[in-house]
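Enquirer: Before we start, here is the structure in question, set down as structure tokens.
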Amino acid sequence: MKRTSFAQWPCSIARTMDLLGDWWTPLVLRDAFYGVRRFDEFQQALGIARNTLADRLRRLVDEGLLEKRAYQDEPVRYDYVLTEKGRDFWSVLAAMTAWGDRWLATEAGPPIVLHHDACGHDTTATVVCADCGEPLSADDTRMRRGPGFPERLAQRPDVQARFAPQE
């Protein structure tokens with residue numbers, strides 16, 4: 001069964017999910033942040049099928065989140081290194097970790113803790129306003145159409161009803 005592509009949807013969440021595609025991709029990225037670099041290391045750490053891992057790594061390289069760097073010539077073997085685009089995914093993983101720690105952790109507590117080297121404390125991710133620095137929540141934030149929202153969709157009655165009261 002062919003999956004629906006969200007790559008052209010006027011929604012950053014849909015486009016991100018199109019890139020991620022499945023549950024393995026964020027876990028591959030998570031392990032890259034743990035310092036995993038080599039195919040066999042990813043395979044061992046995740047217990048993922050080799051063909052699935054090869055597909056995920058290829059996609060992450062094609063999308064510019066990872067870069068292949070040869071570390072051996074014969075046979076050629078590669079390290080998979082986070083690019084700037086890949087390192088920028090850190091905030092997504094940190095937000096997912098914070099949510100999981102709050103809602104899915106056992107009584108023993110979170111399995112992994114974020115430690116902020118700059119201040120020396122364990123911490124959790126918090127989404128804050130880029131202008132005032134105050135924490136954001138669904139109760140005090142609204143979604144508005146942005147400059148990239150397609151005009152052809154903006155004219156639809158359901159879209160107008162969804163966004164008009166908010167704009």
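Here's how to read the names in the structure tokens: chain A, B, ... by the order shown, residue numbers from 1 in each chain, ligand numbers from 1 in the order shown.
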Can you list, as a compact mmCIF listing (two decimals) with C-alpha atoms, in the first residue's frame, all residues belonging to region 74-135 of chain A that DSSP tags as alpha helix (DSSP H)?
Expert:
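Result file states16.txt:
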# COMPACT_ATOMS: atom_id res chain seq x y z
CA GLU A 84 23.26 21.74 10.66
CA LYS A 85 19.76 20.77 9.55
CA GLY A 86 20.05 17.52 11.50
CA ARG A 87 21.40 19.24 14.63
CA TRP A 90 17.47 18.49 18.57
CA SER A 91 14.70 20.78 19.80
CA VAL A 92 12.05 18.42 18.39
CA LEU A 93 13.59 15.45 20.20
CA ALA A 94 13.94 17.48 23.41
CA ALA A 95 10.25 18.47 23.26
CA MET A 96 9.24 14.85 22.63
CA THR A 97 11.37 13.79 25.58
CA ALA A 98 9.74 16.36 27.88
CA TRP A 99 6.26 15.19 26.89
CA GLY A 100 7.21 11.52 27.26
CA ASP A 101 8.81 12.16 30.64
CA ARG A 102 5.65 13.85 31.87
CA TRP A 103 3.08 11.41 30.52
Enquirer: Can you write out as a tab-separated table which residues of region 45-92 of chain A fall within 10 Å of region 3-25 of chain A, alongside each residue's closest atom pair and its distance in Å to one decimal, counting only C-alpha atoms and ordering rows by chain and ascending residue number?
Expert:
residue	atom	partner	partner_atom	distance
A:Leu46	CA	A:Trp24	CA	8.6
A:Ile48	CA	A:Trp24	CA	8.0
A:Thr52	CA	A:Trp24	CA	8.5
A:Leu53	CA	A:Trp24	CA	8.1
A:Asp55	CA	A:Thr25	CA	9.7
A:Arg56	CA	A:Thr25	CA	6.1
A:Leu57	CA	A:Thr25	CA	8.2
A:Arg59	CA	A:Leu19	CA	8.1
A:Leu60	CA	A:Thr25	CA	8.0
A:Glu63	CA	A:Leu19	CA	7.8
Enquirer: Could those selected residues go to a file with N, CA, C and O atoms, as a PDB file, in the first residue's frame?
Expert:
ATOM      1  N   LEU A  46      19.712  -0.115  17.853  1.00  0.00           N
ATOM      2  CA  LEU A  46      18.261  -0.057  17.641  1.00  0.00           C
ATOM      3  C   LEU A  46      17.617  -1.424  17.432  1.00  0.00           C
ATOM      4  O   LEU A  46      16.400  -1.558  17.595  1.00  0.00           O
ATOM      5  N   ILE A  48      17.216  -2.716  14.586  1.00  0.00           N
ATOM      6  CA  ILE A  48      16.439  -2.468  13.376  1.00  0.00           C
ATOM      7  C   ILE A  48      16.945  -3.366  12.248  1.00  0.00           C
ATOM      8  O   ILE A  48      18.145  -3.671  12.182  1.00  0.00           O
ATOM      9  N   THR A  52      15.811  -1.818   6.507  1.00  0.00           N
ATOM     10  CA  THR A  52      15.058  -0.665   7.006  1.00  0.00           C
ATOM     11  C   THR A  52      16.008   0.452   7.404  1.00  0.00           C
ATOM     12  O   THR A  52      15.790   1.620   7.068  1.00  0.00           O
ATOM     13  N   LEU A  53      17.078   0.105   8.105  1.00  0.00           N
ATOM     14  CA  LEU A  53      18.070   1.109   8.499  1.00  0.00           C
ATOM     15  C   LEU A  53      18.700   1.756   7.274  1.00  0.00           C
ATOM     16  O   LEU A  53      18.852   2.977   7.226  1.00  0.00           O
ATOM     17  N   ASP A  55      17.400   2.187   4.360  1.00  0.00           N
ATOM     18  CA  ASP A  55      16.407   3.113   3.798  1.00  0.00           C
ATOM     19  C   ASP A  55      16.334   4.401   4.609  1.00  0.00           C
ATOM     20  O   ASP A  55      16.275   5.504   4.046  1.00  0.00           O
ATOM     21  N   ARG A  56      16.306   4.290   5.936  1.00  0.00           N
ATOM     22  CA  ARG A  56      16.186   5.481   6.781  1.00  0.00           C
ATOM     23  C   ARG A  56      17.424   6.364   6.675  1.00  0.00           C
ATOM     24  O   ARG A  56      17.322   7.580   6.571  1.00  0.00           O
ATOM     25  N   LEU A  57      18.596   5.753   6.699  1.00  0.00           N
ATOM     26  CA  LEU A  57      19.823   6.539   6.571  1.00  0.00           C
ATOM     27  C   LEU A  57      19.901   7.218   5.207  1.00  0.00           C
ATOM     28  O   LEU A  57      20.274   8.399   5.111  1.00  0.00           O
ATOM     29  N   ARG A  59      17.425   8.158   3.340  1.00  0.00           N
ATOM     30  CA  ARG A  59      16.458   9.267   3.339  1.00  0.00           C
ATOM     31  C   ARG A  59      16.995  10.463   4.112  1.00  0.00           C
ATOM     32  O   ARG A  59      16.877  11.610   3.683  1.00  0.00           O
ATOM     33  N   LEU A  60      17.605  10.206   5.273  1.00  0.00           N
ATOM     34  CA  LEU A  60      18.145  11.304   6.082  1.00  0.00           C
ATOM     35  C   LEU A  60      19.314  11.994   5.389  1.00  0.00           C
ATOM     36  O   LEU A  60      19.476  13.214   5.506  1.00  0.00           O
ATOM     37  N   GLU A  63      17.746  14.042   2.479  1.00  0.00           N
ATOM     38  CA  GLU A  63      17.046  15.229   2.991  1.00  0.00           C
ATOM     39  C   GLU A  63      17.983  16.218   3.685  1.00  0.00           C
ATOM     40  O   GLU A  63      17.553  17.272   4.132  1.00  0.00           O
TER      41      GLU A  63
END
Enquirer: Using only C-alpha atoms, which of the listed residues (A:Val159, A:Leu82, A:Leu153, A:Ala45) sits closest to Ala32 (chain A)?
Expert: A:Leu82
Enquirer: Between CA of Arg77 (chain A) and CA of Gln44 (chain A), what distance in Å does the model show, to one decimal?
Expert: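 Taking CA of Arg77 (chain A) and CA of Gln44 (chain A), their separation equals 16.3 Å.
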Enquirer: How many Å lie between CA of His121 (chain A) and CA of Ala108 (chain A), rounded to one decimal?
Expert: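 For CA of His121 (chain A) relative to CA of Ala108 (chain A), the distance reads 19.5 Å.
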Enquirer: Could you tell me, as a list of chain:residue names, which residues of region 3-117 of chain A DSSP assigns to strand (DSSP E) when given the backbone?
Expert: A:Leu66, A:Glu67, A:Lys68, A:Arg69, A:Ala70, A:Tyr71, A:Gln72, A:Arg77, A:Tyr78, A:Asp79, A:Tyr80, A:Val81, A:Leu82, A:Leu114, A:His115, A:His116
Enquirer: Go through A:Pro110, A:Arg37, A:Asp88, A:Asn51 and flag the residue nearest Tyr71 (chain A), using only C-alpha atoms for the distances.
Expert: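 Between A:Pro110, A:Arg37, A:Asp88, A:Asn51, the residue approaching Tyr71 (chain A) most closely is A:Arg37.
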